[in-house]
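**Student:** Got a structure here, written out as structure tokens. Questions coming.
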Amino acid sequence: MSKKILILLVVMNIFVVSGFSLREQPPGPKLTVINRHNQATIQIMDGDTIQLQLATPQPVTEQETINFFLDDFSMPVGSCVFPAGQTSCMTQPFQALGWHWDPNGNSPNTHTLFAINKSGQQVAQSESIEVAARPVVLVHGFISNWETWGLYLEPTGFLGSLGIQGFAVGDGQVPGKLNTGELLNPVGRTNTIGQNAEILGQYIQNVKQRTGAEMVDLVVHSMGGMIARYYIDRVMQDRDVAQLIMLGSPMGGSDCAVLPAALGFYLPASIEIRQSYMTEVFNQQITHRHGIEFYDLGGTAIFEAFKSPCTDIPNDTVVSFDSINAIPLQSDKFDIIHSNLTLSQPVFDSFVKPILQKTVNTFDLSEDPVLNPTVESSLQFTRIYTGHVDVNGSTELTINIDPDVSVASFALYDNSRSVTTVVRGASGKVIELSLEKNGFIKVDDPASLFYLGYGFQNPKPGPWKVTVMATDATPPEGTDFAISVYFVGGARLETDSNTLVPKIDEQVDLRANLSLNGIPLEITEGHAIIRSQDGKTETLEFSPGQDVSTSWSSKSAGIYAVDIIVTGLAPDGSLVERTNFLALVVQPDVSRQRITFNLVAVIVIVLILIILVLSASFWGLRKLVRRRNKK
């Protein structure tokens with residue numbers, strides 16, 4: 001007997017002794033992932049809508065609850081009730097959020113699902129499941145573009161190092177480009193927040209089609225936060241955003257935006273950023289979150305008022321931490337200026353990255369919150385001083401500082417970022433500006449809302465002289481500039497409007513009063529400058545008095561900036577000048593639109609009838625001609 005035959009007989013004997021049957025063993029319970037197309041799959045993307053199905057070869061004898069876990073028993077992901085007499089049960093559809101990451105911030109190549117019965121016994125486990133990271137869509141802010149996200153998009157950049165695909169709106173990877181202002185065309189019109197939100201929606205759809213993703217994360221800078229919020233509230237149909245991560249997004253607006261708006265630059269975006277629009281209009285209307293969590297990081301590089309050019313402290317130069325928290329959200333702070341928020345590796349590592357790497361069961365369903373009450377700012381602004389500097393020229397301004405002012409802070413906006421200033425105090429002496437004494441700061445960033453900033457503690461009351469001078473860098477055509485000055489202390493202007501969202505032709509009543517230490521002051525001169533989103537201005541005068549008012553109405557829908565400027569007399573006879581910055585949104589007349597639509601519909605119907613009559617007449621004429629020809 002050959003050696004091979006002997007080995008075969010021994011093996012067969014072992015099978016017989018052990019009771020082994022060559023017949024196929026009956027299959028055990030099977031755990032399967034079902035995608036939204038009702039197909040079994042072993043490949044999903046984080047955030048996909050799925051169901052888990054457990055199937056058994058034989059009907060179960062009694063009802064039992066089955067719990068499902070991802071990778072280990074510490075991460076439950078769902079459950080189903082197995083009815084008695086049935087061979088399968090399936091979870092309700094849910095979103096597989098956080099499945100790509102483990103609790104240590106790692107991304108395993110594959111994952112395994114386990115089915116556990118009520119006794120804690122493992123019933124089944126799935127095949128290895130591949131879970132890809134969901135993509136990130138990056139949204140830039142005011143007077144900016146996709147290039148602000150360069151460090152995020154590089155192959156080995158912030159996102160690439162995590163294996164995450166990044167898409168910045170306007171980068172050309174998929175169609176879609178926002179218009180939040182073009183630096184080289186400051187008088188050109190921008191899109192509204194709503195129009196940009198529509199474009200963002202199209203871009204997200206394009207990213208989803210390209211990647212196969214069902215959900216994305218939004219990482220946004222500055223005004224991009226308002227665009228993203230509008231998309232989530234008004235544009236998004238089915239939830240396709242996992243979370244909204246904002247960097248320096250002014251949920252309560254920024255007073256610094258009044259500078260470019262005063263020159264008619266970047267309208268209507270520069271109106272939409274102002275505090276009045278955000279707190280009294282936008283935040284009142286854009287409230288729905290559809291379960292999406294909001295995060296916002298505020299820069300707190302400036303925490304002394306005299307070093308803060310145009311907004312409350314603490315701030316990142318243009319957005320205050322109070323503005324970050326103007327609506328309920330999860331916020332954090334970082335010692336950084338606004339323009340560096342998208343460039344900072346520490347910001348990414350400490351704030352953005354941990355949110356992107358959230359794991360299973362760390363995504364809370366965020367309810368639409370009750371709005372925080374509006375916090376009244378302690379800042380009081382003079383009027384916005386505007387002017388033009390010719391090449392090799394200069395322009396001098398007089399700014400009155402009244403008694404009891406503890407801080408006076410100046411901000412200068414110059415689109416060319418080329419001028420310089422000389423400041424003379426009420427004593428007539430030139431003040432040498434420095435970072436330590438005056439918080440002197442130069443922001444050479446095209447997207448910034450100011451260029452130069454400086455301030456003074458306990459400034460001497462009286463007329464101050466500010467000379468704006470051209471430099472060698474000033475363009476041949478010269479440059480326009482705007483200067484704002486805010487005071488802490490001194491007189492206080494309070495303004496009011498009966499509505500901030502009037503209809504066409506509805507009367508808007510604007511009121512103002514001025515006081516010092518609670519004592520009303522006589523307003524000797526006052527007016528309201530109303531600027532439309534097309535850049536056209538209208539001036540309304542206030543009659544002198546203590547409580548002054550005027551009225552206005554519009555025949556055109558749109559966004560309007562309203563600067564209420566008054567001059568009064570302090571008890572010592574010194575001049576007091578203050579300005580409040582409002583925003584109105586005139587609503588379109590729906591009834592007129594309906595009439596117009598109906599009229600167009602009637603015209604179309606009449607034209608169709610005329611065409612039918614002419615066709616019938618032409619057909620009848622041809623038939624008559626044919627009959628005559630036959631004769």
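Simple scheme: letters A, B, ... for chains in structure tokens order, numbers from 1 for residues in each chain, numbers from 1 for ligands in the order shown.
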Can you tell me which residues surround Ile199 in chain A at a distance of at most 8 Å, considering only C-alpha atoms, apart from same-chain residues fewer than 3 positions away, and format the answer as a PDB file with C-alpha atoms, in the first residue's frame?

**Tutor:**
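Now in part-v3.pdb:
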ATOM      1  CA  GLY A 176     -19.521  76.987  -7.441  1.00  0.00           C
ATOM      2  CA  LYS A 177     -18.068  80.381  -6.469  1.00  0.00           C
ATOM      3  CA  LEU A 178     -19.211  82.837  -3.804  1.00  0.00           C
ATOM      4  CA  GLN A 195     -27.654  84.282  -2.644  1.00  0.00           C
ATOM      5  CA  ASN A 196     -24.296  82.967  -1.449  1.00  0.00           C
ATOM      6  CA  GLN A 202     -25.025  73.803  -5.206  1.00  0.00           C
ATOM      7  CA  TYR A 203     -21.364  73.356  -4.286  1.00  0.00           C
TER       8      TYR A 203
END

**Student:** Tell me, as a list in words, which residues lie within 9 Å of range 350-356 of chain A, counting only C-alpha atoms; anything in the same chain fewer than 4 positions away does not count.

**Tutor:**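 Result of the neighbour search: Gly98, Gly105, Val136, Phe158, Leu159, Leu162, Asp217, Val219, Gln243, Ile245, Met246, Leu247, Tyr295, Leu297, Asp332, Gln345 and Pro346 of chain A.
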
**Student:** Keeping only N, CA and C atoms, take the residues you just selected and write them out as a PDB file, in the first residue's frame.

**Tutor:**
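What follows is the written file again-v5.pdb:
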ATOM      1  N   GLY A  98     -19.476  59.470  12.938  1.00  0.00           N
ATOM      2  CA  GLY A  98     -18.376  59.152  13.835  1.00  0.00           C
ATOM      3  C   GLY A  98     -17.817  57.760  13.664  1.00  0.00           C
ATOM      4  N   GLY A 105      -8.642  58.947  18.222  1.00  0.00           N
ATOM      5  CA  GLY A 105      -8.394  59.814  17.075  1.00  0.00           C
ATOM      6  C   GLY A 105      -7.741  59.100  15.913  1.00  0.00           C
ATOM      7  N   VAL A 136     -14.853  67.531   3.841  1.00  0.00           N
ATOM      8  CA  VAL A 136     -15.032  68.832   4.487  1.00  0.00           C
ATOM      9  C   VAL A 136     -15.183  69.899   3.411  1.00  0.00           C
ATOM     10  N   PHE A 158      -3.489  70.477   6.541  1.00  0.00           N
ATOM     11  CA  PHE A 158      -4.263  70.190   7.750  1.00  0.00           C
ATOM     12  C   PHE A 158      -5.213  69.008   7.549  1.00  0.00           C
ATOM     13  N   LEU A 159      -5.977  69.026   6.449  1.00  0.00           N
ATOM     14  CA  LEU A 159      -6.951  67.959   6.210  1.00  0.00           C
ATOM     15  C   LEU A 159      -6.283  66.712   5.630  1.00  0.00           C
ATOM     16  N   LEU A 162      -4.924  64.069   7.844  1.00  0.00           N
ATOM     17  CA  LEU A 162      -5.916  63.207   8.500  1.00  0.00           C
ATOM     18  C   LEU A 162      -6.593  62.266   7.514  1.00  0.00           C
ATOM     19  N   ASP A 217     -18.825  67.922   6.511  1.00  0.00           N
ATOM     20  CA  ASP A 217     -18.618  68.898   7.579  1.00  0.00           C
ATOM     21  C   ASP A 217     -18.406  70.257   6.936  1.00  0.00           C
ATOM     22  N   VAL A 219     -16.515  73.773   7.528  1.00  0.00           N
ATOM     23  CA  VAL A 219     -15.539  74.566   8.277  1.00  0.00           C
ATOM     24  C   VAL A 219     -15.513  75.933   7.606  1.00  0.00           C
ATOM     25  N   GLN A 243     -21.785  68.805  10.948  1.00  0.00           N
ATOM     26  CA  GLN A 243     -21.564  69.814  11.976  1.00  0.00           C
ATOM     27  C   GLN A 243     -21.017  71.084  11.326  1.00  0.00           C
ATOM     28  N   ILE A 245     -18.472  74.139  11.897  1.00  0.00           N
ATOM     29  CA  ILE A 245     -17.308  74.569  12.665  1.00  0.00           C
ATOM     30  C   ILE A 245     -16.910  75.950  12.153  1.00  0.00           C
ATOM     31  N   MET A 246     -17.090  76.974  12.986  1.00  0.00           N
ATOM     32  CA  MET A 246     -16.855  78.353  12.575  1.00  0.00           C
ATOM     33  C   MET A 246     -15.589  78.901  13.227  1.00  0.00           C
ATOM     34  N   LEU A 247     -14.874  79.720  12.474  1.00  0.00           N
ATOM     35  CA  LEU A 247     -13.677  80.397  12.965  1.00  0.00           C
ATOM     36  C   LEU A 247     -13.915  81.900  12.868  1.00  0.00           C
ATOM     37  N   TYR A 295     -20.327  75.214  16.319  1.00  0.00           N
ATOM     38  CA  TYR A 295     -19.127  75.544  17.098  1.00  0.00           C
ATOM     39  C   TYR A 295     -18.553  76.844  16.542  1.00  0.00           C
ATOM     40  N   LEU A 297     -15.051  79.534  17.192  1.00  0.00           N
ATOM     41  CA  LEU A 297     -13.833  79.910  17.903  1.00  0.00           C
ATOM     42  C   LEU A 297     -13.644  81.413  17.817  1.00  0.00           C
ATOM     43  N   ASP A 332     -15.195  78.505  21.980  1.00  0.00           N
ATOM     44  CA  ASP A 332     -13.901  78.468  22.653  1.00  0.00           C
ATOM     45  C   ASP A 332     -13.148  79.721  22.235  1.00  0.00           C
ATOM     46  N   GLN A 345      -1.815  76.487  12.595  1.00  0.00           N
ATOM     47  CA  GLN A 345      -1.783  75.060  12.925  1.00  0.00           C
ATOM     48  C   GLN A 345      -2.309  74.802  14.330  1.00  0.00           C
ATOM     49  N   PRO A 346      -1.931  75.622  15.346  1.00  0.00           N
ATOM     50  CA  PRO A 346      -2.499  75.394  16.681  1.00  0.00           C
ATOM     51  C   PRO A 346      -4.020  75.516  16.729  1.00  0.00           C
TER      52      PRO A 346
END

**Student:** Check the smallest atom-to-atom distance from each of A:Phe167, A:Phe348, A:Tyr231, A:Phe581 to Glu198 in chain A using only C-alpha atoms, then report the winner.

**Tutor:**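 Residue with the minimum atom-to-atom distance to Glu198 in chain A: A:Tyr231.
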
**Student:** So that I can check the surroundings of Ala40 in chain A, please list as a list in words every protein, DNA and RNA residue that reaches within 12 Å of it, counting only C-alpha atoms and ignoring chain neighbours fewer than 3 positions away.

**Tutor:**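 Here the qualifying residues turn out to be Lys30, Leu31, Thr32, Val33, Ile34, Asn35, Arg36, His37, Gln43, Ile44, Ile50, Gln51, Leu52, Gln53, Leu54, Ser126, Glu127 and Ile129 of chain A.
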
**Student:** Taking only C-alpha atoms into account, which of A:Asp364, A:Glu477, A:Glu577, A:Asp349 comes nearest Asp402 in chain A?

**Tutor:** A:Glu577

**Student:** Give the strand (DSSP E or B) residues of range 441-594 of chain A, as assigned by DSSP on the backbone, as a short mmCIF file (atom, residue, chain, number, x, y, z; two decimals) with C-alpha atoms, in the first residue's frame.

**Tutor:**
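Produced file selection.cif, reproduced below:
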data_model
loop_
_atom_site.label_atom_id
_atom_site.label_comp_id
_atom_site.auth_asym_id
_atom_site.auth_seq_id
_atom_site.Cartn_x
_atom_site.Cartn_y
_atom_site.Cartn_z
CA ILE A 441 -1.72 98.25 14.83
CA LYS A 442 -1.42 97.96 11.08
CA LEU A 452 -4.78 101.24 10.96
CA GLY A 453 -5.93 101.26 14.57
CA TYR A 454 -4.90 103.14 17.72
CA GLY A 455 -6.48 104.47 20.90
CA PHE A 456 -6.10 106.70 23.94
CA GLN A 457 -6.95 106.33 27.60
CA GLY A 462 -11.60 119.19 22.90
CA PRO A 463 -10.90 119.17 19.17
CA TRP A 464 -8.42 116.58 17.96
CA LYS A 465 -6.77 116.82 14.54
CA VAL A 466 -6.13 113.75 12.40
CA THR A 467 -4.15 114.22 9.19
CA VAL A 468 -4.40 111.43 6.65
CA MET A 469 -1.36 111.47 4.36
CA THR A 479 -7.37 106.65 -2.36
CA ASP A 480 -10.61 106.97 -0.40
CA PHE A 481 -10.61 106.43 3.35
CA ALA A 482 -13.01 106.17 6.27
CA ILE A 483 -12.29 106.75 9.97
CA SER A 484 -14.44 105.66 12.90
CA VAL A 485 -13.92 106.69 16.52
CA TYR A 486 -15.66 105.04 19.43
CA PHE A 487 -15.82 106.33 22.98
CA VAL A 488 -16.21 104.56 26.28
CA GLY A 489 -17.91 106.94 28.66
CA ARG A 492 -24.90 108.29 25.02
CA LEU A 493 -27.10 108.16 21.90
CA GLU A 494 -30.13 105.91 21.91
CA THR A 495 -32.03 105.22 18.70
CA ASP A 496 -35.14 103.28 17.87
CA SER A 497 -37.24 102.23 14.89
CA LYS A 503 -42.87 96.34 3.63
CA VAL A 508 -40.55 103.63 9.21
CA ASP A 509 -40.34 105.95 12.22
CA LEU A 510 -36.77 106.68 13.32
CA ARG A 511 -36.25 108.20 16.78
CA ALA A 512 -33.18 109.44 18.67
CA ASN A 513 -32.25 110.99 22.01
CA LEU A 514 -28.93 112.03 23.52
CA SER A 515 -27.96 112.06 27.20
CA LEU A 516 -24.98 112.58 29.49
CA ILE A 519 -29.43 113.92 31.80
CA PRO A 520 -31.09 114.62 28.40
CA LEU A 521 -29.10 116.83 26.04
CA ILE A 523 -29.88 117.84 19.89
CA THR A 524 -28.96 120.86 17.81
CA GLU A 525 -28.52 119.03 14.54
CA GLY A 526 -29.31 115.53 13.33
CA HIS A 527 -29.88 113.51 10.24
CA ALA A 528 -30.22 109.94 9.01
CA ILE A 529 -28.21 108.77 6.03
CA ILE A 530 -29.94 105.86 4.31
CA ARG A 531 -27.83 103.85 1.89
CA SER A 532 -29.38 101.21 -0.36
CA THR A 537 -27.97 107.48 -0.52
CA GLU A 538 -30.81 109.56 0.90
CA THR A 539 -30.58 112.03 3.79
CA LEU A 540 -33.41 112.75 6.23
CA GLU A 541 -33.20 115.70 8.63
CA PHE A 542 -34.22 115.73 12.31
CA GLY A 545 -34.98 118.98 20.29
CA ASP A 547 -36.41 113.50 21.51
CA VAL A 548 -36.19 113.82 17.76
CA SER A 549 -37.78 111.73 15.03
CA THR A 550 -38.23 111.43 11.29
CA SER A 551 -40.00 109.05 8.91
CA TRP A 552 -39.04 107.16 5.77
CA GLY A 558 -33.73 95.26 -0.31
CA ILE A 559 -31.23 95.91 2.46
CA TYR A 560 -30.58 99.46 3.64
CA ALA A 561 -27.93 100.88 5.97
CA VAL A 562 -29.24 103.62 8.26
CA ASP A 563 -26.71 105.86 10.03
CA ILE A 564 -28.35 108.16 12.58
CA ILE A 565 -25.99 111.06 13.29
CA VAL A 566 -26.67 113.76 15.89
CA THR A 567 -24.82 116.72 17.37
CA GLY A 568 -25.68 118.09 20.80
CA LEU A 569 -24.37 120.45 23.46
CA LEU A 575 -19.97 119.78 21.15
CA VAL A 576 -21.09 116.17 21.44
CA GLU A 577 -21.36 114.04 18.31
CA ARG A 578 -22.69 110.48 18.20
CA THR A 579 -23.86 107.95 15.58
CA ASN A 580 -25.82 104.70 15.71
CA PHE A 581 -25.76 102.23 12.86
CA LEU A 582 -29.00 100.43 11.99
CA ALA A 583 -30.03 98.15 9.14
CA LEU A 584 -33.45 97.80 7.49
CA VAL A 585 -34.66 95.01 5.24
CA VAL A 586 -37.58 96.15 3.09
CA GLN A 587 -39.76 93.17 2.23
#

**Student:** Extract, using only C-alpha atoms, all DNA, RNA and protein residues at most 8 Å from Pro268 in chain A, discarding same-chain residues fewer than 6 positions from it, and format them as a PyMOL selection string.

**Tutor:** chain A and resi 189-192+533-534+559

**Student:** Please, what distance in Å, to one decimal, runs between CA of Val391 in chain A and CA of Leu433 in chain A?

**Tutor:**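 One can read the CA of Val391 in chain A to CA of Leu433 in chain A distance as 23.4 Å.
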
**Student:** Per DSSP on the backbone, what are the helix (DSSP H, G or I) residues of range 316-564 of chain A, as a list in words?

**Tutor:**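 After running DSSP on the backbone, range 316-564 of chain A has helix (DSSP H, G or I) at Phe321, Asp322, Ser323, Ile324, His338, Ser339, Asn340, Gln345, Pro346, Val347, Phe348, Asp349, Ser350, Phe351, Val352, Lys353, Pro354, Ile355, Leu356, Leu435, Glu436, Lys437 and Asn438 of chain A.
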
**Student:** Compile the contact shell of Val360 in chain A as a list in words: residues with an atom at most 10 Å away, counting only C-alpha atoms, same-chain residues fewer than 6 positions apart removed.

**Tutor:**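 The residues that qualify are Leu70, Ser74, Met75, Pro76, Val77, Ala96, Leu97, Gly98, Trp99, His100, Trp101, Asp102 and Pro103 of chain A.
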
**Student:** Create the file for the chosen residues now, containing C-alpha atoms and written as a PDB file, in the first residue's frame.

**Tutor:**
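Below is the file selection-v5.pdb, written as the result:
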ATOM      1  CA  LEU A  70     -19.145  48.878  16.571  1.00  0.00           C
ATOM      2  CA  SER A  74     -18.394  50.263  24.470  1.00  0.00           C
ATOM      3  CA  MET A  75     -19.794  51.764  21.245  1.00  0.00           C
ATOM      4  CA  PRO A  76     -23.494  50.900  20.784  1.00  0.00           C
ATOM      5  CA  VAL A  77     -24.850  51.943  17.402  1.00  0.00           C
ATOM      6  CA  ALA A  96     -23.404  56.454  10.739  1.00  0.00           C
ATOM      7  CA  LEU A  97     -21.785  59.569  12.233  1.00  0.00           C
ATOM      8  CA  GLY A  98     -18.376  59.152  13.835  1.00  0.00           C
ATOM      9  CA  TRP A  99     -17.817  55.632  12.475  1.00  0.00           C
ATOM     10  CA  HIS A 100     -14.537  56.524  10.757  1.00  0.00           C
ATOM     11  CA  TRP A 101     -12.685  57.397  13.967  1.00  0.00           C
ATOM     12  CA  ASP A 102     -11.857  55.490  17.134  1.00  0.00           C
ATOM     13  CA  PRO A 103     -11.758  57.172  20.579  1.00  0.00           C
TER      14      PRO A 103
END

**Student:** I need the residue nearest Gly225 in chain A from this list: A:Lys307, A:Glu396, A:Val123, A:Leu138. Use only C-alpha atoms for the distance.

**Tutor:** A:Leu138

**Student:** Mind pulling up the distance from CA of Ala470 in chain A to CA of Asn392 in chain A?

**Tutor:**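 Rounded to one decimal, the two atoms are 5.4 Å apart.
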
**Student:** Report, in Å to a single decimal, how far apart CA of Met278 in chain A and CA of Asp444 in chain A are.

**Tutor:**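 Answer for the CA of Asp444 in chain A to CA of Met278 in chain A separation: 26.5 Å.
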
**Student:** Nearest to Pro250 in chain A among A:Val318, A:Val131, A:Leu151, A:Leu218, with distances taken over only C-alpha atoms: which residue is it?

**Tutor:**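 Using only C-alpha atoms, the shortest distance to Pro250 in chain A belongs to A:Val318.
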
**Student:** Counting only C-alpha atoms, which residue out of A:Val60, A:Ile271, A:Leu371, A:Leu397 sits closest to Asp255 in chain A?

**Tutor:**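 Among the listed residues, A:Ile271 lies closest to Asp255 in chain A.
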
**Student:** A:Asp368, A:Asp296, A:Asp238, A:Asp72: which is nearest Val347 in chain A, counting only C-alpha atoms?

**Tutor:**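 For Val347 in chain A, the nearest of the candidates is A:Asp296.
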